[in-house]
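**Q** The structure follows.
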Amino acid sequence: MRIGAGYDIHRLVEGRPFPLGGVTLEYPRGPLGHSDGDALAHAVIDALLGAAALGDIGHHFPPGDPAWRDVAGLDLLRRAVALLHQAGYDVHNVDTTVLLEEPRLGPYVEPIRANLAKALGIQVSQVSVKAKTNEGMDAVGMKLAVAAHAVVLLQERTG
Ligand code: MG
């Protein structure tokens, strides 16, 4: 078994869609980023890569590389899972926390869990998505940013 932790934060700006865990949130602003800015997918990727000691998201998908411009977070996640499989690991489970002041994530949690589970090749019961606001404090609380934390457990690949 190997454990990994990941974190990501993106600034929220006008005129951008708001992808989170592969779901597009209904909101007038969205994350700024070279890729699509899916902070949750990016945090999970860093947790996966960290658990396998395979570097970080910026090493595998450099933000200056035109190949990754506007690329979907779930697409990068699938690529990261392929790297893990090559390295001899499967994902055992994932626990995540999204920090976002608005919109409320309740209605989006189940679709996000389903998306992450599919990309990770595991069951929905192995994927946890929790949401918190930042109580009006700091960049997240002032609705200027979305952040996400992820913890994953890997096991040696059996199949
Ligand atoms: Mg990111």
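Order determines the names: the first chain of the structure tokens is A, the second B, and so forth; residues in each chain are numbered 1 upward, and ligands are numbered 1 upward as they are shown.
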Return as a ChimeraX atom specification the residues of protein, DNA or RNA that approach ligand 1 to within 10 Å, with only C-alpha atoms and all ligand atoms taken into account.

**A** /A:7-11,31-43,45-46,57-58,63,73,146-148

**Q** As a ChimeraX atom specification, please: all residues of chain A that backbone DSSP puts in alpha helix (DSSP H).

**A** /A:39-51,57-60,73-86,109-120,138-141

**Q** Keeping only N, CA and C atoms, take the residues you just selected and write them out as a CSV table (one decimal), in the first residue's frame.

**A**
```csv
chain,number,residue,atom,x,y,z
A,39,ALA,N,-9.6,22.0,-10.6
A,39,ALA,CA,-8.8,21.9,-9.4
A,39,ALA,C,-8.9,20.5,-8.7
A,40,LEU,N,-10.1,20.0,-8.7
A,40,LEU,CA,-10.3,18.7,-8.1
A,40,LEU,C,-9.6,17.6,-8.8
A,41,ALA,N,-9.7,17.5,-10.1
A,41,ALA,CA,-9.0,16.5,-10.9
A,41,ALA,C,-7.5,16.7,-10.7
A,42,HIS,N,-7.0,17.9,-10.7
A,42,HIS,CA,-5.6,18.2,-10.6
A,42,HIS,C,-5.1,17.7,-9.2
A,43,ALA,N,-5.9,18.0,-8.2
A,43,ALA,CA,-5.4,17.5,-6.8
A,43,ALA,C,-5.4,16.0,-6.7
A,44,VAL,N,-6.3,15.3,-7.4
A,44,VAL,CA,-6.3,13.9,-7.4
A,44,VAL,C,-5.1,13.4,-8.2
A,45,ILE,N,-4.8,14.0,-9.3
A,45,ILE,CA,-3.6,13.6,-10.1
A,45,ILE,C,-2.4,13.7,-9.2
A,46,ASP,N,-2.2,14.8,-8.5
A,46,ASP,CA,-1.0,15.0,-7.7
A,46,ASP,C,-0.9,14.0,-6.6
A,47,ALA,N,-2.1,13.6,-6.0
A,47,ALA,CA,-2.1,12.6,-5.0
A,47,ALA,C,-1.7,11.2,-5.5
A,48,LEU,N,-2.2,10.9,-6.7
A,48,LEU,CA,-1.8,9.6,-7.4
A,48,LEU,C,-0.3,9.6,-7.7
A,49,LEU,N,0.2,10.7,-8.3
A,49,LEU,CA,1.6,10.7,-8.7
A,49,LEU,C,2.5,10.7,-7.4
A,50,GLY,N,2.0,11.4,-6.4
A,50,GLY,CA,2.8,11.4,-5.2
A,50,GLY,C,2.8,10.1,-4.5
A,51,ALA,N,1.7,9.4,-4.5
A,51,ALA,CA,1.7,8.0,-3.9
A,51,ALA,C,2.7,7.1,-4.5
A,57,ILE,N,2.1,16.9,-11.3
A,57,ILE,CA,1.3,17.1,-12.5
A,57,ILE,C,2.1,18.0,-13.5
A,58,GLY,N,2.8,19.0,-12.9
A,58,GLY,CA,3.6,19.9,-13.8
A,58,GLY,C,4.7,19.2,-14.5
A,59,HIS,N,5.3,18.2,-13.9
A,59,HIS,CA,6.3,17.4,-14.5
A,59,HIS,C,5.8,16.6,-15.7
A,60,HIS,N,4.6,16.0,-15.5
A,60,HIS,CA,4.1,15.1,-16.6
A,60,HIS,C,3.3,15.9,-17.7
A,73,GLY,N,-9.4,18.2,-17.2
A,73,GLY,CA,-8.8,17.6,-16.0
A,73,GLY,C,-9.0,16.1,-16.0
A,74,LEU,N,-10.2,15.6,-16.4
A,74,LEU,CA,-10.4,14.2,-16.4
A,74,LEU,C,-9.6,13.4,-17.4
A,75,ASP,N,-9.3,14.1,-18.5
A,75,ASP,CA,-8.4,13.5,-19.5
A,75,ASP,C,-7.0,13.3,-18.9
A,76,LEU,N,-6.5,14.4,-18.3
A,76,LEU,CA,-5.2,14.3,-17.6
A,76,LEU,C,-5.2,13.2,-16.5
A,77,LEU,N,-6.4,13.1,-15.8
A,77,LEU,CA,-6.5,12.1,-14.8
A,77,LEU,C,-6.4,10.6,-15.4
A,78,ARG,N,-7.1,10.4,-16.5
A,78,ARG,CA,-7.0,9.1,-17.1
A,78,ARG,C,-5.5,8.8,-17.5
A,79,ARG,N,-4.8,9.8,-18.0
A,79,ARG,CA,-3.4,9.6,-18.4
A,79,ARG,C,-2.5,9.3,-17.2
A,80,ALA,N,-2.8,10.0,-16.0
A,80,ALA,CA,-2.1,9.7,-14.8
A,80,ALA,C,-2.3,8.3,-14.3
A,81,VAL,N,-3.6,7.8,-14.4
A,81,VAL,CA,-3.9,6.4,-14.0
A,81,VAL,C,-3.2,5.4,-14.9
A,82,ALA,N,-3.0,5.7,-16.2
A,82,ALA,CA,-2.3,4.9,-17.1
A,82,ALA,C,-0.8,4.8,-16.6
A,83,LEU,N,-0.3,5.9,-16.2
A,83,LEU,CA,1.1,5.9,-15.7
A,83,LEU,C,1.2,5.0,-14.4
A,84,LEU,N,0.2,5.1,-13.6
A,84,LEU,CA,0.2,4.3,-12.4
A,84,LEU,C,0.2,2.8,-12.7
A,85,HIS,N,-0.7,2.5,-13.6
A,85,HIS,CA,-0.8,1.1,-14.0
A,85,HIS,C,0.6,0.6,-14.6
A,86,GLN,N,1.2,1.4,-15.4
A,86,GLN,CA,2.5,1.0,-15.9
A,86,GLN,C,3.5,0.8,-14.8
A,109,VAL,N,-22.2,16.6,-6.3
A,109,VAL,CA,-21.3,15.6,-5.7
A,109,VAL,C,-21.4,14.2,-6.3
A,110,GLU,N,-22.6,13.7,-6.5
A,110,GLU,CA,-22.8,12.4,-7.1
A,110,GLU,C,-22.3,12.3,-8.5
A,111,PRO,N,-22.6,13.2,-9.4
A,111,PRO,CA,-22.0,13.2,-10.7
A,111,PRO,C,-20.5,13.3,-10.7
A,112,ILE,N,-19.9,14.1,-9.8
A,112,ILE,CA,-18.5,14.2,-9.7
A,112,ILE,C,-17.9,12.8,-9.3
A,113,ARG,N,-18.5,12.2,-8.2
A,113,ARG,CA,-18.0,10.9,-7.8
A,113,ARG,C,-18.0,9.9,-8.9
A,114,ALA,N,-19.1,9.9,-9.7
A,114,ALA,CA,-19.2,9.0,-10.8
A,114,ALA,C,-18.1,9.2,-11.9
A,115,ASN,N,-17.8,10.5,-12.2
A,115,ASN,CA,-16.8,10.8,-13.1
A,115,ASN,C,-15.4,10.4,-12.7
A,116,LEU,N,-15.1,10.7,-11.4
A,116,LEU,CA,-13.8,10.3,-10.9
A,116,LEU,C,-13.6,8.8,-10.8
A,117,ALA,N,-14.7,8.1,-10.4
A,117,ALA,CA,-14.6,6.7,-10.3
A,117,ALA,C,-14.3,6.0,-11.7
A,118,LYS,N,-15.0,6.5,-12.7
A,118,LYS,CA,-14.8,6.0,-14.0
A,118,LYS,C,-13.4,6.3,-14.5
A,119,ALA,N,-12.9,7.5,-14.3
A,119,ALA,CA,-11.6,7.8,-14.8
A,119,ALA,C,-10.5,7.0,-14.0
A,120,LEU,N,-10.8,6.7,-12.7
A,120,LEU,CA,-9.8,6.0,-11.9
A,120,LEU,C,-9.9,4.5,-12.1
A,138,ASP,N,-10.3,34.6,3.5
A,138,ASP,CA,-9.2,34.3,2.5
A,138,ASP,C,-9.8,34.3,1.1
A,139,ALA,N,-8.9,33.9,0.1
A,139,ALA,CA,-9.3,34.0,-1.3
A,139,ALA,C,-10.5,33.2,-1.6
A,140,VAL,N,-10.6,31.9,-1.1
A,140,VAL,CA,-11.7,31.1,-1.3
A,140,VAL,C,-13.0,31.7,-0.8
A,141,GLY,N,-12.9,32.2,0.4
A,141,GLY,CA,-14.0,32.7,1.1
A,141,GLY,C,-14.5,34.0,0.4
```

**Q** Please indicate the distance in Å from atom CA of A:Arg2 to atom CA of A:Ala52, rounded to one decimal place.

**A**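 According to the coordinates, atom CA of A:Arg2 and atom CA of A:Ala52 are separated by 7.0 Å.
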
**Q** Residues of stretch 10-158 of chain A in strand (DSSP E or B) according to DSSP, as a compact mmCIF listing (two decimals) with C-alpha atoms, in the first residue's frame?

**A**
```
# COMPACT_ATOMS: atom_id res chain seq x y z
CA HIS A 10 -7.22 28.12 -9.21
CA ARG A 11 -8.23 31.76 -9.42
CA LEU A 12 -11.87 32.32 -10.50
CA VAL A 13 -12.37 34.81 -13.34
CA GLU A 14 -15.14 36.06 -15.61
CA PHE A 18 -16.27 26.04 -14.30
CA PRO A 19 -15.24 22.38 -14.56
CA LEU A 20 -14.89 20.47 -11.28
CA VAL A 23 -18.81 18.39 -14.15
CA THR A 24 -19.48 21.94 -15.34
CA LEU A 25 -20.84 24.04 -12.47
CA ARG A 29 -17.08 32.70 -13.35
CA GLY A 30 -14.61 29.85 -13.70
CA PRO A 31 -11.03 28.80 -12.97
CA TYR A 89 -0.22 0.13 -9.05
CA ASP A 90 -4.01 0.22 -8.83
CA VAL A 91 -6.06 2.81 -6.99
CA HIS A 92 -7.61 1.48 -3.78
CA ASN A 93 -9.61 4.56 -2.76
CA VAL A 94 -9.68 8.35 -2.96
CA ASP A 95 -10.87 10.93 -0.45
CA THR A 96 -11.20 14.58 -1.47
CA THR A 97 -12.26 17.93 -0.06
CA VAL A 98 -13.28 20.87 -2.26
CA LEU A 99 -13.01 24.39 -0.82
CA VAL A 127 -14.46 7.71 -4.16
CA SER A 128 -15.32 10.35 -1.56
CA VAL A 129 -16.04 14.00 -2.43
CA LYS A 130 -16.64 16.42 0.41
CA ALA A 131 -17.35 20.14 0.13
CA LYS A 132 -16.65 23.04 2.47
CA ALA A 145 -10.62 30.92 -5.93
CA VAL A 146 -11.47 27.22 -5.84
CA ALA A 147 -9.18 24.81 -4.01
CA ALA A 148 -9.12 21.05 -3.53
CA HIS A 149 -7.32 18.49 -1.38
CA ALA A 150 -7.02 14.79 -2.20
CA VAL A 151 -5.68 11.72 -0.44
CA VAL A 152 -5.31 8.41 -2.26
CA LEU A 153 -4.28 4.88 -1.38
CA LEU A 154 -2.60 2.71 -4.00
CA GLN A 155 -2.17 -1.05 -3.94
CA GLU A 156 0.10 -3.26 -6.02
```

**Q** Which is closer to A:Leu100 than all the others in A:Asp70, A:Glu26, A:Asp65, A:Glu135, using only C-alpha atoms?

**A** A:Glu135

**Q** Report the distance between atom CA of A:Asn134 and atom CA of A:Arg16 in Å, rounded to one decimal place.

**A**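 Distance between the two atoms: 22.0 Å.
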
**Q** For atom CA of A:Met1 and atom CA of A:Gln123, quote the distance in Å rounded to one decimal.

**A**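 Value for the atom CA of A:Met1-atom CA of A:Gln123 distance: 18.2 Å.
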